[in-house]
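Visitor: Once you've had a glance at the structure underneath, I'll fire off some questions.
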Amino acid sequence: MLEIKDLHVKVAGKEILKGIDLSINAGEVHAVMGPNGSGKTTLAQVLAGRVTYEVTGGRARFEGKDLLAMKPEDRAREGVFMAFQYPVEIPGVSNAYFLKAALNAIRKYHGREEIDAMDFVSLVQDKAKLLGLDETFMKRGLNEGFSGGEKKKNEVFQMAVLEPKLCVLDETDSGLDIDALRVVANGINAMRSPTRAMLVVTHYQRLLDYVIPDFVHVLVDGKIVKSGDADLARNLEKHGYGWILEETPRPPQAARA
Amino acid sequence: MRPVTTVAASVDTKQTYVADFASSERELGGPEWLRAVRKKAIGHFEALGFPTQKHEQWKFTNLATLLRIPFKPAILGRPGGVVAENLEPFTFGVLKTSQLVFVNGRYAPRLSYLRSLPEGVRVAPLAEMLRAEPETLEKHLTRYAQFEDDPFVALNTAFFQDGAYVEVPKGTVVGEPIHLLFVSTSRDLPIVAHPRNLILMGAGSQATVIESYAGWAPDVTFTNAVTEVAPGPGAVLDHYKIQREAETAFHIATMTVHQDRDSSFSAHSISLGGGLVRNYVHTLFRAPGGSLTLNGLYMTAGNQQADNYTRIDHVAPACTSVELYRGILGGRSRGVFNGNIYVRKDAQKTVARQTNKNLLLSKEAFVDSTPGLEILADDVKCNHSSTIGQLDENAVFYLRSRGIDEEAARNILTYAFAADVVNQVKVAPVRIKLDQLIVSRLPRGAGLGETL
């Protein structure tokens, strides 16, 4: 589904990603872990299409199409969704309006009609229940005055409604208490399916206790220095990133040839 | 380059207005006391002359174009042929209102209608009231809006013929809004009209008044309106001013409000139309316990200019004022916010908050924002803030990352910027109408669909 080859990215003139190779198939959950400043967020943002991130080399294909050539909105319409680490507050635009506008933009792209008002309400109610969001939430301004936990729930809620093919979760566990973490993880797990892939970017292993990844990659200084299965994440939790940094950096490995 | 007003041109124009007054004075009429006031007013106008940008209050707005056009007083011109269908766009759909219509400052009985009003409530043309009860008006009319130091109020005072008179007696609640619709129109000659309104609210009374100003391009018109408002003790008045004239229109409006004890007044000034618009709002707390909400939204494009000058006088103690003005400026348009709050020596326990936020949609748009607070009392809570900025690119990206195209994302965020002011409009049909107007004026077309 996603093929990243030798991806180099600069932010504000500084090279942050120094040759990433990663391929993700439908049905798989990949975790990218790494210390602060290793380039995790840059990887997530560049996949979503943030313009301030300058791709200086390599490529990324999504279902065979050149992802990096697409506008952010077209990536979303093709089925790429990024859950933001810091969701933006937009007073004056209700969650309901925003979500409906997004859903209809995606439907229109695929030649489908706008969603019926009643269908939208029942769709939203189902998914909101999954994330434990109450009804008043839809009428509130987009993320306006939301707690950190509510914002993260809202990201996963949007993901549940928009049903993307590739979910990129950027530090979705940061700032969550244990109860909120369980709710968010449930929401993510409910979306695991043989036709959907996930890329979970995280500093800590705690989210991965609930969302068990198929593959774990360790990102250090803009490169994937180690790949493995869920045990790798547990090792990192136990021993920290130190032992990996001490090992002689090996050439980056693709998760799968 | 913007035209520069030369002193000579300004003096010539001034003399034309003074001469027009001399030739129409008899026809303007009114009771004896008013004739005397008119004479005094034109004298002050002649002494003051038109303001230039050297005047602190007019620093950012150039009146050269206004002064170059030979406007003819409405009283000397022919009335335009406005029919009811023309007014349809300026009404509020399902909203039930009494509606007084004025064409070039003159009451138009065939376009107006009064629904049944509670006993004692009077909604009438001012000219009629001047004929029927001149002594009732003498106590109030021209007593609030000072013309001694304001040339436009002086001109209005000298020239006004008509306008709306609204009186709500003690303890009376008027449920349905009262709509005052002022349309300006001209055929061959540019026309100036000077509508004058007086709103008197008895103790504990309650009402909602909407003032709309409308017109059509390519009519070249100049509206110089003055509204005097006196909310009595404990009265509650919601006032909306919606400026929707054509871009060929010049519009200068003054509203003066003297609030009595424990009264609650909220004003919402929405400026969407007009080539040159100047709103001067002056409110004064004359007794303790009053509360004031002063909201404004100016949304300009092309070569429009919108100038908002507000002055809040906390003379009495324990009053609260909350002011929020937002500007959205596109094209080569210009905006001005000049906010002045005065907290006098005895106005202890004053709470005053002033906020002005501006959104620039183009590189050529420009805004001058001057918040101001002068505090002479020591036990007060006051603050003011002012911002000028562009759309938040993080927010644009957030919307795009969910599949919303860039244009729609920018429109949604622009609309959202206005929502703070629009959401405070309590009358739902008016709020819906404003939503539609704002959406239709977004820079890259409509298509936002339903209300956000």
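Identifiers for the structure tokens are assigned positionally: chains receive A, B, ... in sequence, residues are indexed from 1 per chain, and ligands are indexed from 1 in the order shown.
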What are the residues of chain A that have an atom within 6 Å of an atom of chain B, counting only C-alpha atoms, as a ChimeraX atom specification?

Guide: /A:72-73,76-77,88,92-93,97,102,105-106

Visitor: Would you mind listing, for every residue of stretch 251-322 of chain B within 9 Å of stretch 434-441 of chain B, the two atoms forming the shortest contact and the distance between them in Å to one decimal, using only C-alpha atoms, sorted by chain and ascending residue number, as JSON lines?

Guide:
{"residue": "B:Ile270", "atom": "CA", "partner": "B:Leu434", "partner_atom": "CA", "distance": 8.7}
{"residue": "B:Leu272", "atom": "CA", "partner": "B:Ile438", "partner_atom": "CA", "distance": 8.2}
{"residue": "B:Met299", "atom": "CA", "partner": "B:Ile438", "partner_atom": "CA", "distance": 8.0}
{"residue": "B:Thr300", "atom": "CA", "partner": "B:Arg441", "partner_atom": "CA", "distance": 8.7}
{"residue": "B:Ala301", "atom": "CA", "partner": "B:Arg441", "partner_atom": "CA", "distance": 8.5}

Visitor: Taking C-alpha atoms for each residue, export the selection above as a compact mmCIF listing (two decimals), in the first residue's frame.

Guide:
# COMPACT_ATOMS: atom_id res chain seq x y z
CA ILE B 270 -22.19 45.14 10.55
CA LEU B 272 -20.55 45.04 4.40
CA MET B 299 -15.87 43.09 5.81
CA THR B 300 -14.46 44.92 2.85
CA ALA B 301 -13.09 44.12 -0.59

Visitor: Which of stretch 86-251 of chain A counts as alpha helix (DSSP H) under DSSP, as a VMD selection string please?

Guide: chain A and resid 95 to 109 117 to 130 148 to 162 178 to 190 206 to 210 230 to 239 242 to 246

Visitor: Could you take the residues named above and write them with C-alpha atoms, as a PDB file, in the first residue's frame?

Guide:
ATOM      1  CA  ASN A  95     -17.117  19.652  14.624  1.00  0.00           C
ATOM      2  CA  ALA A  96     -20.249  18.591  12.783  1.00  0.00           C
ATOM      3  CA  TYR A  97     -19.799  21.053   9.927  1.00  0.00           C
ATOM      4  CA  PHE A  98     -16.126  20.265   9.583  1.00  0.00           C
ATOM      5  CA  LEU A  99     -16.589  16.523   9.514  1.00  0.00           C
ATOM      6  CA  LYS A 100     -19.465  16.681   7.063  1.00  0.00           C
ATOM      7  CA  ALA A 101     -17.488  18.982   4.773  1.00  0.00           C
ATOM      8  CA  ALA A 102     -14.549  16.570   4.892  1.00  0.00           C
ATOM      9  CA  LEU A 103     -16.686  13.493   4.323  1.00  0.00           C
ATOM     10  CA  ASN A 104     -18.502  15.071   1.388  1.00  0.00           C
ATOM     11  CA  ALA A 105     -15.275  16.327  -0.184  1.00  0.00           C
ATOM     12  CA  ILE A 106     -13.946  12.761  -0.118  1.00  0.00           C
ATOM     13  CA  ARG A 107     -17.213  11.313  -1.468  1.00  0.00           C
ATOM     14  CA  LYS A 108     -17.334  13.879  -4.258  1.00  0.00           C
ATOM     15  CA  TYR A 109     -13.780  12.954  -5.287  1.00  0.00           C
ATOM     16  CA  ALA A 117     -28.326  14.310   6.650  1.00  0.00           C
ATOM     17  CA  MET A 118     -29.919  11.461   8.610  1.00  0.00           C
ATOM     18  CA  ASP A 119     -27.259   8.977   7.537  1.00  0.00           C
ATOM     19  CA  PHE A 120     -24.603  11.407   8.664  1.00  0.00           C
ATOM     20  CA  VAL A 121     -26.186  11.752  12.098  1.00  0.00           C
ATOM     21  CA  SER A 122     -26.399   8.004  12.641  1.00  0.00           C
ATOM     22  CA  LEU A 123     -22.865   7.429  11.326  1.00  0.00           C
ATOM     23  CA  VAL A 124     -21.502  10.052  13.664  1.00  0.00           C
ATOM     24  CA  GLN A 125     -23.463   8.734  16.647  1.00  0.00           C
ATOM     25  CA  ASP A 126     -22.110   5.216  16.182  1.00  0.00           C
ATOM     26  CA  LYS A 127     -18.523   6.362  15.961  1.00  0.00           C
ATOM     27  CA  ALA A 128     -18.861   8.878  18.794  1.00  0.00           C
ATOM     28  CA  LYS A 129     -20.066   6.094  21.070  1.00  0.00           C
ATOM     29  CA  LEU A 130     -16.942   4.141  20.247  1.00  0.00           C
ATOM     30  CA  GLY A 148      -5.517  17.138  25.408  1.00  0.00           C
ATOM     31  CA  GLY A 149      -7.362  13.849  25.727  1.00  0.00           C
ATOM     32  CA  GLU A 150     -10.467  15.132  23.954  1.00  0.00           C
ATOM     33  CA  LYS A 151      -8.377  16.389  21.067  1.00  0.00           C
ATOM     34  CA  LYS A 152      -6.748  12.989  20.593  1.00  0.00           C
ATOM     35  CA  LYS A 153     -10.102  11.237  20.835  1.00  0.00           C
ATOM     36  CA  ASN A 154     -11.407  13.644  18.224  1.00  0.00           C
ATOM     37  CA  GLU A 155      -8.571  12.709  15.870  1.00  0.00           C
ATOM     38  CA  VAL A 156      -9.370   9.016  16.167  1.00  0.00           C
ATOM     39  CA  PHE A 157     -13.093   9.814  15.898  1.00  0.00           C
ATOM     40  CA  GLN A 158     -12.502  11.668  12.616  1.00  0.00           C
ATOM     41  CA  MET A 159     -10.463   8.722  11.413  1.00  0.00           C
ATOM     42  CA  ALA A 160     -13.315   6.363  12.278  1.00  0.00           C
ATOM     43  CA  VAL A 161     -15.826   8.473  10.342  1.00  0.00           C
ATOM     44  CA  LEU A 162     -13.637   9.077   7.280  1.00  0.00           C
ATOM     45  CA  ILE A 178      -4.466   5.677  31.196  1.00  0.00           C
ATOM     46  CA  ASP A 179      -8.261   5.727  30.776  1.00  0.00           C
ATOM     47  CA  ALA A 180      -8.125   7.970  27.728  1.00  0.00           C
ATOM     48  CA  LEU A 181      -5.297   5.849  26.337  1.00  0.00           C
ATOM     49  CA  ARG A 182      -7.485   2.726  26.568  1.00  0.00           C
ATOM     50  CA  VAL A 183     -10.384   4.473  24.836  1.00  0.00           C
ATOM     51  CA  VAL A 184      -8.162   5.785  22.051  1.00  0.00           C
ATOM     52  CA  ALA A 185      -6.473   2.392  21.624  1.00  0.00           C
ATOM     53  CA  ASN A 186      -9.879   0.702  21.417  1.00  0.00           C
ATOM     54  CA  GLY A 187     -10.872   3.139  18.710  1.00  0.00           C
ATOM     55  CA  ILE A 188      -7.721   2.376  16.773  1.00  0.00           C
ATOM     56  CA  ASN A 189      -8.059  -1.396  17.203  1.00  0.00           C
ATOM     57  CA  ALA A 190     -11.666  -1.259  16.031  1.00  0.00           C
ATOM     58  CA  ARG A 206       2.618   2.285  26.173  1.00  0.00           C
ATOM     59  CA  LEU A 207       0.233   2.682  23.236  1.00  0.00           C
ATOM     60  CA  LEU A 208       1.782  -0.446  21.722  1.00  0.00           C
ATOM     61  CA  ASP A 209       0.668  -2.432  24.799  1.00  0.00           C
ATOM     62  CA  TYR A 210      -2.842  -1.973  23.450  1.00  0.00           C
ATOM     63  CA  ALA A 230       6.494  -6.181  18.852  1.00  0.00           C
ATOM     64  CA  ASP A 231       9.262  -7.569  21.095  1.00  0.00           C
ATOM     65  CA  LEU A 232      11.547  -4.812  19.866  1.00  0.00           C
ATOM     66  CA  ALA A 233       9.192  -2.230  21.332  1.00  0.00           C
ATOM     67  CA  ARG A 234       9.188  -4.078  24.666  1.00  0.00           C
ATOM     68  CA  ASN A 235      12.974  -4.128  24.680  1.00  0.00           C
ATOM     69  CA  LEU A 236      13.074  -0.411  24.027  1.00  0.00           C
ATOM     70  CA  GLU A 237      10.724   0.156  26.909  1.00  0.00           C
ATOM     71  CA  LYS A 238      12.906  -1.918  29.232  1.00  0.00           C
ATOM     72  CA  HIS A 239      16.325  -0.732  28.150  1.00  0.00           C
ATOM     73  CA  GLY A 242      20.694   3.748  24.589  1.00  0.00           C
ATOM     74  CA  TRP A 243      21.563   0.216  23.583  1.00  0.00           C
ATOM     75  CA  ILE A 244      20.561   0.826  20.005  1.00  0.00           C
ATOM     76  CA  LEU A 245      22.577   4.011  19.795  1.00  0.00           C
ATOM     77  CA  GLU A 246      25.604   2.140  21.130  1.00  0.00           C
TER      78      GLU A 246
END

Visitor: Once DSSP has gone over the backbone, tell me which residues of stretch 267-448 of chain B are in strand (DSSP E), as a PyMOL selection string.

Guide: chain B and resi 267-271+276-285+291-300+305-314+320-329+334-343+351-360+366-370+373-375+381-389

Visitor: Just checking: using only C-alpha atoms, which residue out of B:Gly302, B:Pro177, B:Gly30, B:Gly372 ends up closest to B:Gly273?

Guide: B:Gly302

Visitor: State, in Å with one decimal place, the distance from atom CA of B:Glu148 to atom CA of B:Thr16.

Guide: 20.0 Å

Visitor: Rounded to one decimal, what separation in Å do you get between atom CA of B:Ala127 and atom CA of B:Phe182?

Guide: 15.0 Å

Visitor: Please provide as a ChimeraX atom specification all residues within 8 Å of B:Thr310, with the sequence filter that same-chain residues fewer than 4 positions apart are discarded (counting only C-alpha atoms).

Guide: /B:279-282,338-340

Visitor: Using the selection just defined, write its residues with N, CA and C atoms as a PDB file, in the first residue's frame.

Guide:
ATOM      1  N   ASN B 279     -18.380  54.806  10.750  1.00  0.00           N
ATOM      2  CA  ASN B 279     -19.323  54.627  11.852  1.00  0.00           C
ATOM      3  C   ASN B 279     -18.738  55.242  13.103  1.00  0.00           C
ATOM      4  N   TYR B 280     -19.464  56.164  13.657  1.00  0.00           N
ATOM      5  CA  TYR B 280     -19.035  56.747  14.926  1.00  0.00           C
ATOM      6  C   TYR B 280     -20.069  56.351  15.977  1.00  0.00           C
ATOM      7  N   VAL B 281     -19.627  55.596  16.958  1.00  0.00           N
ATOM      8  CA  VAL B 281     -20.527  55.193  18.035  1.00  0.00           C
ATOM      9  C   VAL B 281     -20.018  55.806  19.325  1.00  0.00           C
ATOM     10  N   HIS B 282     -20.881  56.578  19.959  1.00  0.00           N
ATOM     11  CA  HIS B 282     -20.508  57.236  21.215  1.00  0.00           C
ATOM     12  C   HIS B 282     -21.522  56.839  22.287  1.00  0.00           C
ATOM     13  N   ASN B 338     -10.760  52.536  15.633  1.00  0.00           N
ATOM     14  CA  ASN B 338     -10.226  53.503  16.587  1.00  0.00           C
ATOM     15  C   ASN B 338     -11.127  53.429  17.812  1.00  0.00           C
ATOM     16  N   GLY B 339     -10.637  52.793  18.851  1.00  0.00           N
ATOM     17  CA  GLY B 339     -11.474  52.582  20.039  1.00  0.00           C
ATOM     18  C   GLY B 339     -11.014  53.461  21.186  1.00  0.00           C
ATOM     19  N   ASN B 340     -11.929  54.143  21.786  1.00  0.00           N
ATOM     20  CA  ASN B 340     -11.572  55.054  22.876  1.00  0.00           C
ATOM     21  C   ASN B 340     -12.467  54.793  24.078  1.00  0.00           C
TER      22      ASN B 340
END

Visitor: Just give me the gap between atom CA of B:Phe265 and atom CA of B:Asp238 in Å, one decimal is fine.

Guide: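 Atom CA of B:Asp238 lies 6.0 Å from atom CA of B:Phe265.
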
Visitor: Just the residues within 7 Å of stretch 39-49 of chain A, please, counting only C-alpha atoms, with nothing from its chain fewer than 5 positions along; format it as a PDB file with N, CA and C atoms, in the first residue's frame.

Guide:
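Contents of result_7.pdb, as written:
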ATOM      1  N   ILE A  16      16.417  16.406   7.994  1.00  0.00           N
ATOM      2  CA  ILE A  16      15.854  15.689   9.142  1.00  0.00           C
ATOM      3  C   ILE A  16      15.721  14.204   8.814  1.00  0.00           C
ATOM      4  N   LEU A  17      15.188  13.890   7.644  1.00  0.00           N
ATOM      5  CA  LEU A  17      15.117  12.487   7.219  1.00  0.00           C
ATOM      6  C   LEU A  17      16.244  12.242   6.222  1.00  0.00           C
ATOM      7  N   GLY A  34      11.275   6.173  18.293  1.00  0.00           N
ATOM      8  CA  GLY A  34      12.570   6.842  18.252  1.00  0.00           C
ATOM      9  C   GLY A  34      12.627   7.930  19.291  1.00  0.00           C
ATOM     10  N   LYS A  71      -1.592  17.063  -3.733  1.00  0.00           N
ATOM     11  CA  LYS A  71      -1.954  18.081  -2.750  1.00  0.00           C
ATOM     12  C   LYS A  71      -2.448  17.372  -1.485  1.00  0.00           C
ATOM     13  N   PRO A  72      -2.329  18.019  -0.339  1.00  0.00           N
ATOM     14  CA  PRO A  72      -2.762  17.371   0.909  1.00  0.00           C
ATOM     15  C   PRO A  72      -4.200  16.859   0.835  1.00  0.00           C
ATOM     16  N   ARG A  75      -4.433  13.627  -1.085  1.00  0.00           N
ATOM     17  CA  ARG A  75      -3.926  12.486  -0.310  1.00  0.00           C
ATOM     18  C   ARG A  75      -5.039  11.966   0.607  1.00  0.00           C
ATOM     19  N   MET A  82      -3.824  11.444   8.606  1.00  0.00           N
ATOM     20  CA  MET A  82      -2.876  11.600   9.691  1.00  0.00           C
ATOM     21  C   MET A  82      -3.589  12.153  10.919  1.00  0.00           C
ATOM     22  N   VAL A 168      -2.105   7.260   9.666  1.00  0.00           N
ATOM     23  CA  VAL A 168      -0.818   7.646  10.235  1.00  0.00           C
ATOM     24  C   VAL A 168      -1.118   8.322  11.567  1.00  0.00           C
ATOM     25  N   ASP A 170       0.305  10.234  14.683  1.00  0.00           N
ATOM     26  CA  ASP A 170       1.494  10.935  15.150  1.00  0.00           C
ATOM     27  C   ASP A 170       1.403  11.190  16.648  1.00  0.00           C
ATOM     28  N   VAL A 201       3.325   6.317  14.994  1.00  0.00           N
ATOM     29  CA  VAL A 201       4.559   6.989  15.368  1.00  0.00           C
ATOM     30  C   VAL A 201       4.490   7.314  16.857  1.00  0.00           C
ATOM     31  N   ASP A 221      18.143   9.685  14.290  1.00  0.00           N
ATOM     32  CA  ASP A 221      18.814  10.670  13.446  1.00  0.00           C
ATOM     33  C   ASP A 221      18.434  10.542  11.966  1.00  0.00           C
ATOM     34  N   GLY A 222      17.145  10.420  11.719  1.00  0.00           N
ATOM     35  CA  GLY A 222      16.666  10.469  10.341  1.00  0.00           C
ATOM     36  C   GLY A 222      16.796   9.179   9.557  1.00  0.00           C
TER      37      GLY A 222
ATOM     38  N   SER B 401      -5.891  18.468   5.185  1.00  0.00           N
ATOM     39  CA  SER B 401      -5.466  17.098   5.466  1.00  0.00           C
ATOM     40  C   SER B 401      -6.658  16.172   5.688  1.00  0.00           C
TER      41      SER B 401
END

Visitor: For B:Ala306, which residue among B:Leu34, B:Ser212, B:Thr61, B:His179 is the nearest when counting only C-alpha atoms?

Guide: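 Result for the nearest residue to B:Ala306: B:Thr61.
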